[in-house]
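This report refers to the structure that appears directly beneath it.
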Amino acid sequence: MLAIALLTVSFARPAMAGDAANGAKIFSANCAACHAGGNNVIMANKTLKLDALKTYGMDSLDAIKTQVTKGKNAMPAFGGRLSAAQIEDVATYVLSKAESGW
């Protein structure tokens, strides 16, 4: 029984996989010009606030990572500028801030 419990815990995926503290630094350097405080200076309705993320299907780490990597509409792609680990970190930061209300 103990072995099964340990295996279950060992393979459980953490809710936030990246490093939010590092993500905050990356966000500050690359994203804050358009998204300070979770806002959006280009498209005011597409903020990084949780309700907007849910509305636009962006309320998961995978969705945010894809958006940051590939860009879309006015948002540039950062896949060529940031590593996969940096993108994971900034996505973790964005989602954690959205969940806590910025």
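The chains in the structure tokens are called A, B, ... from first to last as shown; in each chain the residues are counted from 1, and the ligands are counted from 1 in the order shown.
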
Q | Residue contacts of Phe27 of chain A (10 Å, only C-alpha atoms) excluding same-chain residues fewer than 2 positions away, as a list in words | A |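 The neighbour list is Ala20, Ala21, Asn22, Gly23, Ala24, Lys25, Ala29, Asn30, Cys31, Ala32, Ala33, His35, Ala36, Gln86, Ile87, Asp89, Val90, Ala91, Tyr93 and Val94 of chain A.
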
List the spatial neighbours of Gln67 of chain A as a PDB file with C-alpha atoms, in the first residue's frame - criterion: any atom at most 10 Å away, only C-alpha atoms, same-chain residues fewer than 3 positions off excluded.
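The resulting file, selection34.pdb, is reproduced below:
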```
ATOM      1  CA  MET A  58      -5.693  30.973 -22.128  1.00  0.00           C
ATOM      2  CA  LEU A  61       0.201  26.736 -18.630  1.00  0.00           C
ATOM      3  CA  ASP A  62       0.170  25.042 -22.033  1.00  0.00           C
ATOM      4  CA  ALA A  63      -2.008  27.736 -23.611  1.00  0.00           C
ATOM      5  CA  ILE A  64       0.126  30.540 -22.188  1.00  0.00           C
ATOM      6  CA  LYS A  70       4.343  31.540 -31.166  1.00  0.00           C
ATOM      7  CA  GLY A  71       2.753  34.942 -30.579  1.00  0.00           C
ATOM      8  CA  LYS A  72      -0.588  35.875 -32.107  1.00  0.00           C
ATOM      9  CA  MET A  75       1.785  39.872 -29.718  1.00  0.00           C
ATOM     10  CA  PRO A  76       5.198  38.910 -31.072  1.00  0.00           C
ATOM     11  CA  ALA A  77       6.596  35.393 -30.798  1.00  0.00           C
ATOM     12  CA  PHE A  78       9.204  34.967 -28.095  1.00  0.00           C
ATOM     13  CA  GLY A  79      10.183  31.398 -29.038  1.00  0.00           C
ATOM     14  CA  ILE A  87       8.839  30.456 -21.307  1.00  0.00           C
ATOM     15  CA  ALA A  91       3.841  31.193 -18.021  1.00  0.00           C
TER      16      ALA A  91
END
```

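The gap separating atom CA of Met43 of chain A from atom CA of Ala74 of chain A is 8.4 Å, in Å to one decimal.
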
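Take atom CA of Ala84 of chain A and atom CA of Lys65 of chain A: the distance between them is 8.6 Å.
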
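You will find atom CA of Gly80 of chain A at 17.9 Å from atom CA of Ser28 of chain A.
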
Q: For Gly101 of chain A, work out the shell of residues within 12 Å, counting only C-alpha atoms and skipping chain neighbours fewer than 5 positions away, then give it as a PyMOL selection string.
A: chain A and resi 37-39+47-53+94-96
